[in-house]
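Have a look at the structure below before the remarks.
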Amino acid sequence: MKILGVIPARYASTRFPAKMLADIKGKPMIQHVYERASRANCLAKLVVATDNQLIIDAVKNFGGEAVLTREEHPSGTDRCYEALQITEATTQKKFDYVINIQGDEPFIIPQQIELLASRLDGTTEIATLIIKTLDSEALFNTGEVKVVLDKDQNGIYFSRQVIPFLRNVPQEEWLSHHTFYRHVGMYAYRADILAQITQLAPSILEKAESLEQLRWIENGFKIKTAITEHDSYCVDTPEDLERLLKTVKS
């Protein structure tokens, strides 16, 4: 499989303006993401997809590749599709899959990308990472997205609430009675499927939960999952970055 790695890097951010360029130990955040992602041997090519020339310049300064995409994309998925189109046009090469690598996870582990790529066999439409939930705080935190699986480890529903609900079991005992999973926000899309899902209108469940993957499920697409042992550490605010620097080794 020929896989294109895309790092969506939108410049604007309400809670952390220009966070992709935030300095982390002498390097912009986007450089940390790019350098770590480039260690994944499964990627045939890696590009940053951004809407701002400042990020383009920063990427070029450290020797990376970047493409300028439209500003109005509603999600990283849509930005990935434009990046795929641009890259295929400029390289005259076709890619089988695109892996969407979060631009605000400066300490991403390359093995996560490798694990996701191992699920891509040509028949897989969409794939994503999940992790076992080990503590009650994460289980009942509505900021953490939960997922339930079918017998083939396809994600059949994602929710901000705890799923499944354990009837007649005290909540403090749920973790000892059932294995719960949380979503880790990295996606892989087969190239032709990416073209299709970016044309879908927002769906009822997506609007209810504010989760774009529910749009894909509602329209009949399958999301294969892979269980990782590594959690993701996303930077949404300057405070997130300060906490992350205290807890994660670079």
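Letters A, B, ... go to the chains of the structure tokens in the order shown; residues in each chain start at 1; ligands are counted from 1 in the same order.
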- Task: Apply DSSP to the structure's backbone, then extract all residues of segment 11-223 of chain A labelled alpha helix (DSSP H) and return them as a ChimeraX atom specification.
- Result: /A:29-37,53-61,76-91,110-117,136-140,174-177,191-197,204-209,213-218
Dump C-alpha atoms for the selected residues as an mmCIF file, in the first residue's frame?
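Below is the file out.cif, written as the result:
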data_model
loop_
_atom_site.group_PDB
_atom_site.id
_atom_site.type_symbol
_atom_site.label_atom_id
_atom_site.label_comp_id
_atom_site.auth_asym_id
_atom_site.auth_seq_id
_atom_site.Cartn_x
_atom_site.Cartn_y
_atom_site.Cartn_z
ATOM 1 C CA MET A 29 5.163 22.550 17.320
ATOM 2 C CA ILE A 30 4.607 21.533 13.704
ATOM 3 C CA GLN A 31 8.283 20.573 13.395
ATOM 4 C CA HIS A 32 8.028 18.179 16.341
ATOM 5 C CA VAL A 33 4.995 16.516 14.750
ATOM 6 C CA TYR A 34 6.637 16.316 11.324
ATOM 7 C CA GLU A 35 9.930 14.901 12.571
ATOM 8 C CA ARG A 36 8.228 12.231 14.655
ATOM 9 C CA ALA A 37 5.779 11.273 11.902
ATOM 10 C CA GLN A 53 1.920 30.996 4.360
ATOM 11 C CA LEU A 54 3.637 31.422 7.745
ATOM 12 C CA ILE A 55 3.268 27.696 8.392
ATOM 13 C CA ILE A 56 4.409 26.919 4.845
ATOM 14 C CA ASP A 57 7.551 28.973 5.479
ATOM 15 C CA ALA A 58 8.182 27.350 8.869
ATOM 16 C CA VAL A 59 7.944 23.869 7.365
ATOM 17 C CA LYS A 60 10.272 24.740 4.513
ATOM 18 C CA ASN A 61 12.756 26.230 6.984
ATOM 19 C CA GLY A 76 -9.018 18.029 8.977
ATOM 20 C CA THR A 77 -10.570 15.300 6.849
ATOM 21 C CA ASP A 78 -11.546 17.815 4.177
ATOM 22 C CA ARG A 79 -8.087 19.390 4.300
ATOM 23 C CA CYS A 80 -6.532 15.931 3.872
ATOM 24 C CA TYR A 81 -8.524 15.362 0.707
ATOM 25 C CA GLU A 82 -7.370 18.626 -0.871
ATOM 26 C CA ALA A 83 -3.789 17.791 0.154
ATOM 27 C CA LEU A 84 -4.142 14.395 -1.547
ATOM 28 C CA GLN A 85 -5.386 16.039 -4.744
ATOM 29 C CA ILE A 86 -2.570 18.602 -4.753
ATOM 30 C CA THR A 87 0.125 16.023 -3.986
ATOM 31 C CA GLU A 88 -1.048 13.571 -6.640
ATOM 32 C CA ALA A 89 -1.194 16.382 -9.208
ATOM 33 C CA THR A 90 2.288 17.703 -8.427
ATOM 34 C CA THR A 91 4.018 14.313 -8.100
ATOM 35 C CA PRO A 110 5.597 6.864 15.253
ATOM 36 C CA GLN A 111 4.508 3.351 16.239
ATOM 37 C CA GLN A 112 0.921 4.606 16.377
ATOM 38 C CA ILE A 113 1.134 5.442 12.675
ATOM 39 C CA GLU A 114 2.698 2.055 11.937
ATOM 40 C CA LEU A 115 -0.049 0.265 13.868
ATOM 41 C CA LEU A 116 -2.785 2.082 11.976
ATOM 42 C CA ALA A 117 -1.071 1.354 8.659
ATOM 43 C CA SER A 136 -13.232 6.278 35.905
ATOM 44 C CA GLU A 137 -12.232 9.888 35.283
ATOM 45 C CA ALA A 138 -11.639 9.175 31.593
ATOM 46 C CA LEU A 139 -14.666 6.900 31.390
ATOM 47 C CA PHE A 140 -17.153 9.522 32.553
ATOM 48 C CA TRP A 174 -18.287 -0.608 35.565
ATOM 49 C CA LEU A 175 -14.592 -0.891 34.744
ATOM 50 C CA SER A 176 -14.377 -4.251 36.522
ATOM 51 C CA HIS A 177 -17.383 -5.645 34.614
ATOM 52 C CA ALA A 191 -8.222 7.352 -1.229
ATOM 53 C CA ASP A 192 -11.481 6.656 -3.043
ATOM 54 C CA ILE A 193 -13.417 6.580 0.232
ATOM 55 C CA LEU A 194 -11.900 9.912 1.295
ATOM 56 C CA ALA A 195 -13.251 11.418 -1.922
ATOM 57 C CA GLN A 196 -16.722 10.097 -1.070
ATOM 58 C CA ILE A 197 -16.987 11.015 2.605
ATOM 59 C CA ILE A 204 -28.276 13.817 12.373
ATOM 60 C CA LEU A 205 -26.035 11.857 14.740
ATOM 61 C CA GLU A 206 -22.994 13.909 13.801
ATOM 62 C CA LYS A 207 -24.831 17.110 14.711
ATOM 63 C CA ALA A 208 -26.045 15.611 17.986
ATOM 64 C CA GLU A 209 -22.619 14.458 19.204
ATOM 65 C CA GLN A 213 -17.196 9.833 12.131
ATOM 66 C CA LEU A 214 -20.893 9.329 12.889
ATOM 67 C CA ARG A 215 -21.662 10.820 9.459
ATOM 68 C CA TRP A 216 -19.618 8.076 7.849
ATOM 69 C CA ILE A 217 -21.251 5.321 9.888
ATOM 70 C CA GLU A 218 -24.741 6.670 9.152
#
- Query: Nearest to Gly103 of chain A among A:Ser232, A:Asn41, A:Thr123, A:Gln153, with distances taken over only C-alpha atoms: which residue is it?
  - Reply: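 Of the candidates, the smallest distance to Gly103 of chain A is held by A:Ser232.
Nearest to Val6 of chain A of all the residues A:Lys19, A:Lys25, A:Lys246, A:Lys45 is A:Lys45, counting only C-alpha atoms.
The smallest atom-to-atom distance between Thr198 of chain A and any of A:His73, A:Ala49, A:Val147, A:Met20, using only C-alpha atoms, is found for A:His73.
The protein and nucleic acid residues lying at most 9 Å from Met1 of chain A are Cys42, Ala44, Phe95, Asp96, Tyr97, Ala117, Leu120, Asp121 and Gly122 of chain A, with only C-alpha atoms considered and sequence neighbours fewer than 6 positions away removed.
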Got time to write the residues from that selection, N, CA and C atoms, as a short mmCIF file (atom, residue, chain, number, x, y, z; two decimals), in the first residue's frame?
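Final file, part38.cif:
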data_model
loop_
_atom_site.label_atom_id
_atom_site.label_comp_id
_atom_site.auth_asym_id
_atom_site.auth_seq_id
_atom_site.Cartn_x
_atom_site.Cartn_y
_atom_site.Cartn_z
N CYS A 42 6.15 3.37 7.19
CA CYS A 42 5.04 3.00 6.31
C CYS A 42 4.63 4.10 5.34
N ALA A 44 4.83 6.63 2.37
CA ALA A 44 5.55 6.87 1.13
C ALA A 44 5.90 8.33 0.98
N PHE A 95 -1.86 7.52 -4.60
CA PHE A 95 -1.73 6.94 -3.27
C PHE A 95 -2.96 6.10 -2.96
N ASP A 96 -2.74 4.99 -2.29
CA ASP A 96 -3.84 4.10 -1.93
C ASP A 96 -4.59 4.58 -0.71
N TYR A 97 -3.84 5.13 0.26
CA TYR A 97 -4.43 5.58 1.52
C TYR A 97 -3.84 6.91 1.95
N ALA A 117 -1.37 1.79 10.03
CA ALA A 117 -1.07 1.35 8.66
C ALA A 117 -1.18 -0.16 8.51
N LEU A 120 -4.38 -1.54 6.99
CA LEU A 120 -4.75 -1.11 5.64
C LEU A 120 -4.36 -2.18 4.63
N ASP A 121 -5.36 -2.90 4.13
CA ASP A 121 -5.10 -4.04 3.26
C ASP A 121 -5.73 -3.90 1.87
N GLY A 122 -6.20 -2.71 1.57
CA GLY A 122 -6.85 -2.51 0.27
C GLY A 122 -8.36 -2.60 0.35
#
- Near Phe180 of chain A, counting only C-alpha atoms, which residues have an atom at most 12 Å away, once you skip same-chain residues fewer than 6 positions from it, shown as JSON, numbers by chain? {"A": [130, 131, 132, 133, 134, 135, 136, 138, 139, 140, 144, 145, 146, 147, 148, 149, 158, 161, 162, 163, 164, 165, 166, 174, 227]}
The selected residues should be written to file as a PDB file, in the first residue's frame (atoms: C-alpha atoms).
ATOM      1  CA  ILE A 130      -8.646   3.188  20.111  1.00  0.00           C
ATOM      2  CA  ILE A 131      -7.293   2.578  23.607  1.00  0.00           C
ATOM      3  CA  LYS A 132      -8.624   0.740  26.642  1.00  0.00           C
ATOM      4  CA  THR A 133     -10.133   2.969  29.311  1.00  0.00           C
ATOM      5  CA  LEU A 134      -8.423   2.282  32.615  1.00  0.00           C
ATOM      6  CA  ASP A 135      -9.815   4.888  34.999  1.00  0.00           C
ATOM      7  CA  SER A 136     -13.232   6.278  35.905  1.00  0.00           C
ATOM      8  CA  ALA A 138     -11.639   9.175  31.593  1.00  0.00           C
ATOM      9  CA  LEU A 139     -14.666   6.900  31.390  1.00  0.00           C
ATOM     10  CA  PHE A 140     -17.153   9.522  32.553  1.00  0.00           C
ATOM     11  CA  GLU A 144     -13.313  11.747  25.892  1.00  0.00           C
ATOM     12  CA  VAL A 145     -14.967   9.962  22.974  1.00  0.00           C
ATOM     13  CA  LYS A 146     -15.974   6.362  23.619  1.00  0.00           C
ATOM     14  CA  VAL A 147     -16.503   3.631  21.040  1.00  0.00           C
ATOM     15  CA  VAL A 148     -18.231   0.253  20.883  1.00  0.00           C
ATOM     16  CA  LEU A 149     -17.096  -2.473  18.511  1.00  0.00           C
ATOM     17  CA  PHE A 158     -18.890   6.689  18.961  1.00  0.00           C
ATOM     18  CA  GLN A 161     -21.327   9.457  26.854  1.00  0.00           C
ATOM     19  CA  VAL A 162     -20.303   6.097  28.290  1.00  0.00           C
ATOM     20  CA  ILE A 163     -21.273   3.232  25.979  1.00  0.00           C
ATOM     21  CA  PRO A 164     -22.494   0.625  26.588  1.00  0.00           C
ATOM     22  CA  PHE A 165     -24.595   1.420  29.660  1.00  0.00           C
ATOM     23  CA  LEU A 166     -24.264  -1.354  32.253  1.00  0.00           C
ATOM     24  CA  TRP A 174     -18.287  -0.608  35.565  1.00  0.00           C
ATOM     25  CA  ILE A 227      -5.977  -1.006  19.789  1.00  0.00           C
TER      26      ILE A 227
END
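By chain and then residue number, the residues within 10 Å of Ala18 of chain A are Ala9, Arg10, Tyr11, Ala12, Ser13, Thr14, Arg15, Leu21, Ala22, Met29, Asn52, Leu54 and Ile55 of chain A, counting only C-alpha atoms and disregarding those fewer than 3 positions away in sequence.
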For the residues in that selection, give me N, CA, C and O atoms as a CSV table (one decimal), in the first residue's frame.
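Output contents, as saved in result-v9.csv:
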chain,number,residue,atom,x,y,z
A,9,ALA,N,-2.8,21.5,9.4
A,9,ALA,CA,-2.3,22.5,10.3
A,9,ALA,C,-2.9,23.8,10.0
A,9,ALA,O,-2.4,24.7,9.4
A,10,ARG,N,-4.1,24.0,10.6
A,10,ARG,CA,-4.9,25.2,10.4
A,10,ARG,C,-4.2,26.3,11.3
A,10,ARG,O,-3.9,26.0,12.5
A,11,TYR,N,-4.1,27.5,10.8
A,11,TYR,CA,-3.4,28.6,11.5
A,11,TYR,C,-4.3,29.2,12.6
A,11,TYR,O,-3.8,29.3,13.7
A,12,ALA,N,-5.6,29.4,12.3
A,12,ALA,CA,-6.4,30.1,13.3
A,12,ALA,C,-6.9,29.1,14.4
A,12,ALA,O,-7.1,27.9,14.1
A,13,SER,N,-6.9,29.6,15.6
A,13,SER,CA,-7.4,28.8,16.7
A,13,SER,C,-7.9,29.7,17.8
A,13,SER,O,-7.1,30.6,18.3
A,14,THR,N,-9.1,29.6,18.2
A,14,THR,CA,-9.7,30.5,19.1
A,14,THR,C,-9.0,30.5,20.5
A,14,THR,O,-8.7,31.5,21.1
A,15,ARG,N,-8.7,29.3,21.0
A,15,ARG,CA,-8.1,29.2,22.3
A,15,ARG,C,-6.6,29.2,22.3
A,15,ARG,O,-6.0,29.5,23.4
A,21,LEU,N,2.8,27.1,15.4
A,21,LEU,CA,4.1,27.7,15.4
A,21,LEU,C,4.6,28.0,16.9
A,21,LEU,O,5.7,28.6,17.0
A,22,ALA,N,3.9,27.5,17.9
A,22,ALA,CA,4.3,27.7,19.2
A,22,ALA,C,5.7,27.0,19.5
A,22,ALA,O,5.9,25.9,19.0
A,29,MET,N,5.9,23.8,17.1
A,29,MET,CA,5.2,22.5,17.3
A,29,MET,C,5.1,21.7,16.1
A,29,MET,O,5.2,20.5,16.1
A,52,ASN,N,-2.0,28.7,5.7
A,52,ASN,CA,-1.3,29.9,6.0
A,52,ASN,C,0.1,29.9,5.5
A,52,ASN,O,0.8,28.9,5.8
A,54,LEU,N,2.7,31.5,6.6
A,54,LEU,CA,3.6,31.4,7.7
A,54,LEU,C,4.0,30.0,8.1
A,54,LEU,O,5.2,29.7,8.4
A,55,ILE,N,3.0,29.1,8.1
A,55,ILE,CA,3.3,27.7,8.4
A,55,ILE,C,4.0,27.0,7.2
A,55,ILE,O,4.9,26.2,7.5
